[in-house]
Amino acid sequence: MRIFSLLFLSFFALISCNESDKLPYLGDTKIVDGEKVPHTVNAFSFYNQEGDIITQNDYKESIQIADFFFTKCPTICPTVMGNMVTIYDKYEANPTIKLVSFSLDPKRDSISALAAYAENLEVKAPKWNMLTGEKEKLHGLASNYFNIVVEDEEAPGGINHSGKIILVDKEGKVRSFADGTDPDEVERFITDIDKLIEEYEAD
Amino acid sequence: MRLIKLFILLFIFSCQSPYQKGEKLFSQHCSNCHGAEAEGFRKLYPPITKDLYSTYSDKIVCIIRYGLNDSLVYNGIQYSSSMPGNDILSDIDIVNLKNYLDWKFLAENKYNSLPQVKKELVDCK
């Protein structure tokens with residue numbers, strides 16, 4: 001009986017641990033020098049809409065909210081981008097929060113095409129960088145950021161991809177994600193952004 | 001009693017909008033960019049309004065199928081993203097969609113004919 005109550009108590013202790021405000025670390029854990037290291041997003045170097053080279057080092061002091069898109073995408077992108085705009089507007093005054101959109105179609109998404117897109121979306125760099133560069137590198141980074149990309153001539157716009165929005169902390173660890181086309185998931189994602197902000201404020 | 005039932009039935013049917021197929025096609029193929037209520041999206045994609053739709057209604061079947069490459073100015077805003085064509089929509093889909101659009105934005109029940117739309121589609125290019 002005592003064992004049971006002990007188990008019961010430890011079970012509750014576990015649950016309450018999970019209910020702490022800290023967001024989980026997502027993705028595969030690696031063992032480096034005998035220590036567990038959570039999945040970290042890869043280094044990158046791409047041009048933004050203003051012709052500046054942007055790398056992961058530009059996000060050392062920032063919480064990164066990332067998605068993958070292309071300007072000629074007629075299907076899910078406008079919905080995902082609409083939700084990104086909501087996030088942009090909500091955290092406009094918070095310099096820690098930065099948005100980043102990686103193009104999956106760099107052939108058509110030149111720097112000037114991205115500049116026009118950002119202008120029409122009424123958003124500005126570096127608060128929201130739209131990045132373009134080598135296609136292989138952009139597509140490779142997508143899976144690193146939990147997105148799936150398949151080139152498909154039959155698909156509208158020529159590319160099939162998932163519309164996930166990813167929350168990356170200052171250390172480059174993925175802490176949350178949402179299907180950018182689902183309003184309920186995006187609402188939950190925004191509460192996760194607030195939790196991550198609180199986590200850094202508590203430190 | 002019978003009269004009341006009739007009224008209830010009439011009430012139910014009058015609430016439902018006509019052109020259900022067209023409405024569904026709109027939400028599947030148009031609202032991604034133009035918005036669920038056709039409200040548009042910032043300066044990227046224009047809203048669909050009575051004014052704008054009237055300007056393009058003569059050519060709408062061609063625009064739905066082949067897209068629109070010209071930039072357009074509406075309410076002082078220049079929309080320069082091109083609209084992609086929709087090869088996936090059949091001629092019948094386009095008739096259903098146009099019937100819905102004519103009703104929604106011009107308040108007209110046009111019941112466009114399939115042969116007429118087919119002819120317009122051939123004459124597009």
# chains A, B, ... in the order shown; residues from 1 in each chain; ligands from 1
>>> interface_residues(of="chain A", to="chain B", cutoff="12 Å", atoms="only C-alpha atoms", output="mmCIF file with N, CA, C and O atoms, in the first residue's frame")
data_model
loop_
_atom_site.group_PDB
_atom_site.id
_atom_site.type_symbol
_atom_site.label_atom_id
_atom_site.label_comp_id
_atom_site.auth_asym_id
_atom_site.auth_seq_id
_atom_site.Cartn_x
_atom_site.Cartn_y
_atom_site.Cartn_z
ATOM 1 N N THR A 71 6.767 33.609 -52.578
ATOM 2 C CA THR A 71 5.817 34.693 -52.847
ATOM 3 C C THR A 71 4.739 34.297 -53.856
ATOM 4 O O THR A 71 3.654 34.852 -53.837
ATOM 5 N N LYS A 72 5.045 33.309 -54.724
ATOM 6 C CA LYS A 72 4.041 32.921 -55.719
ATOM 7 C C LYS A 72 3.163 31.781 -55.224
ATOM 8 O O LYS A 72 2.442 31.158 -56.013
ATOM 9 N N CYS A 73 3.232 31.469 -53.957
ATOM 10 C CA CYS A 73 2.481 30.344 -53.396
ATOM 11 C C CYS A 73 1.015 30.714 -53.244
ATOM 12 O O CYS A 73 0.674 31.598 -52.485
ATOM 13 N N PRO A 74 0.139 30.021 -54.005
ATOM 14 C CA PRO A 74 -1.272 30.397 -53.985
ATOM 15 C C PRO A 74 -2.099 29.645 -52.945
ATOM 16 O O PRO A 74 -3.269 29.939 -52.773
ATOM 17 N N THR A 75 -1.506 28.666 -52.275
ATOM 18 C CA THR A 75 -2.322 27.802 -51.425
ATOM 19 C C THR A 75 -2.270 28.214 -49.956
ATOM 20 O O THR A 75 -3.029 29.077 -49.526
ATOM 21 N N ILE A 76 -1.362 27.615 -49.187
ATOM 22 C CA ILE A 76 -1.396 27.839 -47.736
ATOM 23 C C ILE A 76 -0.682 29.106 -47.289
ATOM 24 O O ILE A 76 -0.968 29.635 -46.228
ATOM 25 N N CYS A 77 0.250 29.615 -48.132
ATOM 26 C CA CYS A 77 1.095 30.722 -47.661
ATOM 27 C C CYS A 77 0.334 31.967 -47.204
ATOM 28 O O CYS A 77 0.671 32.523 -46.164
ATOM 29 N N PRO A 78 -0.671 32.420 -47.970
ATOM 30 C CA PRO A 78 -1.348 33.628 -47.498
ATOM 31 C C PRO A 78 -1.957 33.453 -46.104
ATOM 32 O O PRO A 78 -1.904 34.377 -45.290
ATOM 33 N N THR A 79 -2.483 32.262 -45.810
ATOM 34 C CA THR A 79 -3.056 32.013 -44.483
ATOM 35 C C THR A 79 -1.966 32.025 -43.411
ATOM 36 O O THR A 79 -2.108 32.658 -42.364
ATOM 37 N N VAL A 80 -0.865 31.302 -43.703
ATOM 38 C CA VAL A 80 0.240 31.251 -42.735
ATOM 39 C C VAL A 80 0.798 32.655 -42.530
ATOM 40 O O VAL A 80 1.037 33.088 -41.399
ATOM 41 N N MET A 81 0.984 33.396 -43.646
ATOM 42 C CA MET A 81 1.536 34.743 -43.542
ATOM 43 C C MET A 81 0.589 35.670 -42.786
ATOM 44 O O MET A 81 1.037 36.554 -42.056
ATOM 45 N N GLY A 82 -0.715 35.463 -42.961
ATOM 46 C CA GLY A 82 -1.694 36.254 -42.212
ATOM 47 C C GLY A 82 -1.494 36.073 -40.717
ATOM 48 O O GLY A 82 -1.514 37.039 -39.946
ATOM 49 N N ASN A 83 -1.232 34.825 -40.306
ATOM 50 C CA ASN A 83 -0.991 34.556 -38.888
ATOM 51 C C ASN A 83 0.359 35.103 -38.432
ATOM 52 O O ASN A 83 0.492 35.551 -37.291
ATOM 53 N N VAL A 85 1.669 37.804 -39.623
ATOM 54 C CA VAL A 85 1.416 39.250 -39.490
ATOM 55 C C VAL A 85 0.776 39.554 -38.121
ATOM 56 O O VAL A 85 1.143 40.524 -37.462
ATOM 57 N N THR A 86 -0.155 38.694 -37.695
ATOM 58 C CA THR A 86 -0.770 38.862 -36.373
ATOM 59 C C THR A 86 0.305 38.852 -35.287
ATOM 60 O O THR A 86 0.293 39.687 -34.372
ATOM 61 N N ALA A 113 12.186 40.893 -55.354
ATOM 62 C CA ALA A 113 10.837 40.319 -55.235
ATOM 63 C C ALA A 113 10.423 40.253 -53.764
ATOM 64 O O ALA A 113 9.273 40.537 -53.415
ATOM 65 N N LEU A 114 11.386 39.897 -52.914
ATOM 66 C CA LEU A 114 11.088 39.834 -51.473
ATOM 67 C C LEU A 114 10.850 41.231 -50.904
ATOM 68 O O LEU A 114 10.007 41.418 -50.027
ATOM 69 N N ALA A 116 9.544 43.764 -52.499
ATOM 70 C CA ALA A 116 8.192 44.173 -52.897
ATOM 71 C C ALA A 116 7.147 43.463 -52.039
ATOM 72 O O ALA A 116 6.172 44.068 -51.585
ATOM 73 N N TYR A 117 7.383 42.177 -51.786
ATOM 74 C CA TYR A 117 6.438 41.388 -50.982
ATOM 75 C C TYR A 117 6.332 41.957 -49.559
ATOM 76 O O TYR A 117 5.232 42.175 -49.049
ATOM 77 N N ALA A 118 7.490 42.225 -48.951
ATOM 78 C CA ALA A 118 7.500 42.759 -47.576
ATOM 79 C C ALA A 118 6.824 44.124 -47.531
ATOM 80 O O ALA A 118 6.100 44.441 -46.586
ATOM 81 N N GLU A 119 7.063 44.922 -48.566
ATOM 82 C CA GLU A 119 6.455 46.255 -48.600
ATOM 83 C C GLU A 119 4.929 46.140 -48.690
ATOM 84 O O GLU A 119 4.202 46.847 -47.992
ATOM 85 N N ASN A 120 4.467 45.224 -49.544
ATOM 86 C CA ASN A 120 3.021 45.030 -49.677
ATOM 87 C C ASN A 120 2.393 44.431 -48.420
ATOM 88 O O ASN A 120 1.220 44.656 -48.134
ATOM 89 N N LEU A 121 3.199 43.666 -47.696
ATOM 90 C CA LEU A 121 2.725 43.086 -46.441
ATOM 91 C C LEU A 121 2.812 44.124 -45.312
ATOM 92 O O LEU A 121 2.318 43.885 -44.219
ATOM 93 N N GLU A 122 3.464 45.249 -45.613
ATOM 94 C CA GLU A 122 3.650 46.346 -44.656
ATOM 95 C C GLU A 122 4.433 45.902 -43.415
ATOM 96 O O GLU A 122 4.042 46.172 -42.282
ATOM 97 N N VAL A 123 5.525 45.169 -43.664
ATOM 98 C CA VAL A 123 6.411 44.762 -42.566
ATOM 99 C C VAL A 123 7.856 45.118 -42.926
ATOM 100 O O VAL A 123 8.174 45.311 -44.097
ATOM 101 N N GLU A 154 3.073 19.312 -60.356
ATOM 102 C CA GLU A 154 1.614 19.275 -60.340
ATOM 103 C C GLU A 154 1.030 20.209 -59.266
ATOM 104 O O GLU A 154 -0.114 20.622 -59.355
ATOM 105 N N ALA A 155 1.819 20.490 -58.242
ATOM 106 C CA ALA A 155 1.304 21.298 -57.128
ATOM 107 C C ALA A 155 1.146 22.751 -57.564
ATOM 108 O O ALA A 155 1.937 23.245 -58.374
ATOM 109 N N PRO A 156 0.108 23.432 -57.047
ATOM 110 C CA PRO A 156 -0.033 24.853 -57.387
ATOM 111 C C PRO A 156 1.219 25.629 -56.954
ATOM 112 O O PRO A 156 1.636 25.512 -55.810
ATOM 113 N N GLY A 157 1.845 26.332 -57.901
ATOM 114 C CA GLY A 157 3.060 27.072 -57.575
ATOM 115 C C GLY A 157 4.320 26.235 -57.705
ATOM 116 O O GLY A 157 5.420 26.753 -57.606
ATOM 117 N N GLY A 158 4.163 24.888 -57.884
ATOM 118 C CA GLY A 158 5.309 24.024 -58.163
ATOM 119 C C GLY A 158 6.014 23.423 -56.953
ATOM 120 O O GLY A 158 6.946 22.654 -57.082
ATOM 121 N N THR A 181 -1.752 27.217 -40.541
ATOM 122 C CA THR A 181 -3.052 27.409 -41.189
ATOM 123 C C THR A 181 -4.194 27.190 -40.200
ATOM 124 O O THR A 181 -5.351 27.391 -40.538
#
>>> residues_around(residues="Pro18 (chain B)", least_positions_apart="2", cutoff="12 Å", atoms="only C-alpha atoms", output="count of residues only")
22
>>> select_by_dssp(residues="chain A", states="alpha helix (DSSP H)", output="PyMOL selection string")
chain A and resi 2-18+77-90+111-121+135-144+183-202
>>> closest_residue(among="A:Asn48, A:Thr55, A:Asn42, A:Ser176", to="Pro24 (chain A)", atoms="only C-alpha atoms")
A:Ser176
>>> closest_residue(among="B:Lys5, B:Lys125, B:Ser90, B:Pro46", to="Tyr66 (chain B)", atoms="only C-alpha atoms")
B:Lys125
>>> atom_distance(atom1="CA of Leu167 (chain A)", atom2="CA of Lys135 (chain A)")
22.7 Å
>>> atom_distance(atom1="CA of Glu50 (chain A)", atom2="CA of Val186 (chain A)")
28.2 Å
>>> residues_around(residues="Lys119 (chain B)", least_positions_apart="6", cutoff="12 Å", atoms="only C-alpha atoms", output="ChimeraX atom specification")
/B:61-62,91,95,112-113,125
>>> write_last_selection(atoms="N, CA and C atoms", output="tab-separated table (two decimals), in the first residue's frame")
chain	number	residue	atom	x	y	z
B	61	VAL	N	-14.15	34.75	-66.39
B	61	VAL	CA	-13.89	33.31	-66.62
B	61	VAL	C	-12.45	33.09	-67.11
B	62	CYS	N	-11.96	34.03	-67.92
B	62	CYS	CA	-10.57	33.92	-68.40
B	62	CYS	C	-9.59	34.13	-67.24
B	91	ASP	N	-14.70	23.43	-66.72
B	91	ASP	CA	-15.61	24.45	-67.27
B	91	ASP	C	-16.86	24.58	-66.39
B	95	VAL	N	-18.45	27.81	-64.32
B	95	VAL	CA	-19.83	28.32	-64.40
B	95	VAL	C	-20.41	28.46	-62.99
B	112	ASN	N	-25.45	31.62	-65.66
B	112	ASN	CA	-24.65	31.59	-66.89
B	112	ASN	C	-24.72	30.22	-67.55
B	113	SER	N	-24.74	30.21	-68.87
B	113	SER	CA	-24.88	28.93	-69.56
B	113	SER	C	-23.52	28.32	-69.84
B	125	LYS	N	-7.66	33.61	-75.37
B	125	LYS	CA	-6.31	33.95	-75.82
B	125	LYS	C	-6.29	34.48	-77.25
>>> select_by_dssp(residues="chain B", states="strand (DSSP E)", output="PyMOL selection string")
chain B and resi 72-74+77-79
>>> write_last_selection(atoms="all heavy atoms", output="PDB file, in the first residue's frame")
ATOM      1  N   LEU B  72      -2.976  45.863 -60.732  1.00  0.00           N
ATOM      2  CA  LEU B  72      -4.190  46.673 -60.769  1.00  0.00           C
ATOM      3  C   LEU B  72      -4.188  47.667 -59.616  1.00  0.00           C
ATOM      4  O   LEU B  72      -3.563  47.451 -58.580  1.00  0.00           O
ATOM      5  CB  LEU B  72      -5.446  45.792 -60.743  1.00  0.00           C
ATOM      6  CG  LEU B  72      -5.781  44.944 -59.533  1.00  0.00           C
ATOM      7  CD1 LEU B  72      -6.587  45.727 -58.519  1.00  0.00           C
ATOM      8  CD2 LEU B  72      -6.590  43.735 -59.972  1.00  0.00           C
ATOM      9  N   VAL B  73      -4.859  48.784 -59.839  1.00  0.00           N
ATOM     10  CA  VAL B  73      -4.945  49.808 -58.797  1.00  0.00           C
ATOM     11  C   VAL B  73      -6.387  49.857 -58.322  1.00  0.00           C
ATOM     12  O   VAL B  73      -7.318  49.950 -59.127  1.00  0.00           O
ATOM     13  CB  VAL B  73      -4.519  51.189 -59.340  1.00  0.00           C
ATOM     14  CG1 VAL B  73      -4.687  52.256 -58.264  1.00  0.00           C
ATOM     15  CG2 VAL B  73      -3.079  51.148 -59.823  1.00  0.00           C
ATOM     16  N   TYR B  74      -6.561  49.739 -57.018  1.00  0.00           N
ATOM     17  CA  TYR B  74      -7.905  49.817 -56.463  1.00  0.00           C
ATOM     18  C   TYR B  74      -7.853  50.608 -55.161  1.00  0.00           C
ATOM     19  O   TYR B  74      -7.005  50.342 -54.313  1.00  0.00           O
ATOM     20  CB  TYR B  74      -8.475  48.406 -56.229  1.00  0.00           C
ATOM     21  CG  TYR B  74      -9.847  48.425 -55.623  1.00  0.00           C
ATOM     22  CD1 TYR B  74     -10.941  48.931 -56.324  1.00  0.00           C
ATOM     23  CD2 TYR B  74     -10.053  47.982 -54.314  1.00  0.00           C
ATOM     24  CE1 TYR B  74     -12.196  48.984 -55.749  1.00  0.00           C
ATOM     25  CE2 TYR B  74     -11.303  48.027 -53.734  1.00  0.00           C
ATOM     26  CZ  TYR B  74     -12.381  48.536 -54.464  1.00  0.00           C
ATOM     27  OH  TYR B  74     -13.612  48.596 -53.886  1.00  0.00           O
ATOM     28  N   ILE B  77      -4.517  51.854 -54.048  1.00  0.00           N
ATOM     29  CA  ILE B  77      -3.455  50.901 -53.730  1.00  0.00           C
ATOM     30  C   ILE B  77      -3.101  50.112 -54.983  1.00  0.00           C
ATOM     31  O   ILE B  77      -3.994  49.635 -55.694  1.00  0.00           O
ATOM     32  CB  ILE B  77      -3.898  49.918 -52.619  1.00  0.00           C
ATOM     33  CG1 ILE B  77      -4.199  50.680 -51.332  1.00  0.00           C
ATOM     34  CG2 ILE B  77      -2.833  48.852 -52.366  1.00  0.00           C
ATOM     35  CD1 ILE B  77      -4.895  49.866 -50.273  1.00  0.00           C
ATOM     36  N   GLN B  78      -1.786  50.024 -55.251  1.00  0.00           N
ATOM     37  CA  GLN B  78      -1.374  49.225 -56.404  1.00  0.00           C
ATOM     38  C   GLN B  78      -1.086  47.793 -55.978  1.00  0.00           C
ATOM     39  O   GLN B  78      -0.262  47.548 -55.100  1.00  0.00           O
ATOM     40  CB  GLN B  78      -0.132  49.830 -57.057  1.00  0.00           C
ATOM     41  CG  GLN B  78       0.264  49.019 -58.284  1.00  0.00           C
ATOM     42  CD  GLN B  78       1.226  49.744 -59.188  1.00  0.00           C
ATOM     43  OE1 GLN B  78       1.500  50.930 -59.009  1.00  0.00           O
ATOM     44  NE2 GLN B  78       1.759  49.026 -60.161  1.00  0.00           N
ATOM     45  N   TYR B  79      -1.789  46.854 -56.560  1.00  0.00           N
ATOM     46  CA  TYR B  79      -1.567  45.431 -56.283  1.00  0.00           C
ATOM     47  C   TYR B  79      -0.771  44.862 -57.442  1.00  0.00           C
ATOM     48  O   TYR B  79      -1.253  44.790 -58.563  1.00  0.00           O
ATOM     49  CB  TYR B  79      -2.910  44.705 -56.158  1.00  0.00           C
ATOM     50  CG  TYR B  79      -3.744  45.190 -54.995  1.00  0.00           C
ATOM     51  CD1 TYR B  79      -4.691  46.203 -55.164  1.00  0.00           C
ATOM     52  CD2 TYR B  79      -3.573  44.656 -53.720  1.00  0.00           C
ATOM     53  CE1 TYR B  79      -5.448  46.652 -54.089  1.00  0.00           C
ATOM     54  CE2 TYR B  79      -4.321  45.107 -52.648  1.00  0.00           C
ATOM     55  CZ  TYR B  79      -5.263  46.097 -52.844  1.00  0.00           C
ATOM     56  OH  TYR B  79      -6.014  46.558 -51.797  1.00  0.00           O
TER      57      TYR B  79
END
>>> residues_around(residues="Lys173 (chain A)", least_positions_apart="4", cutoff="12 Å", atoms="only C-alpha atoms", output="PyMOL selection string")
chain A and resi 23-29+37-42+56+59-60+62-65+144-146+166-169+177+196
>>> atom_distance(atom1="CA of Asp67 (chain A)", atom2="CA of Gly163 (chain A)")
7.1 Å
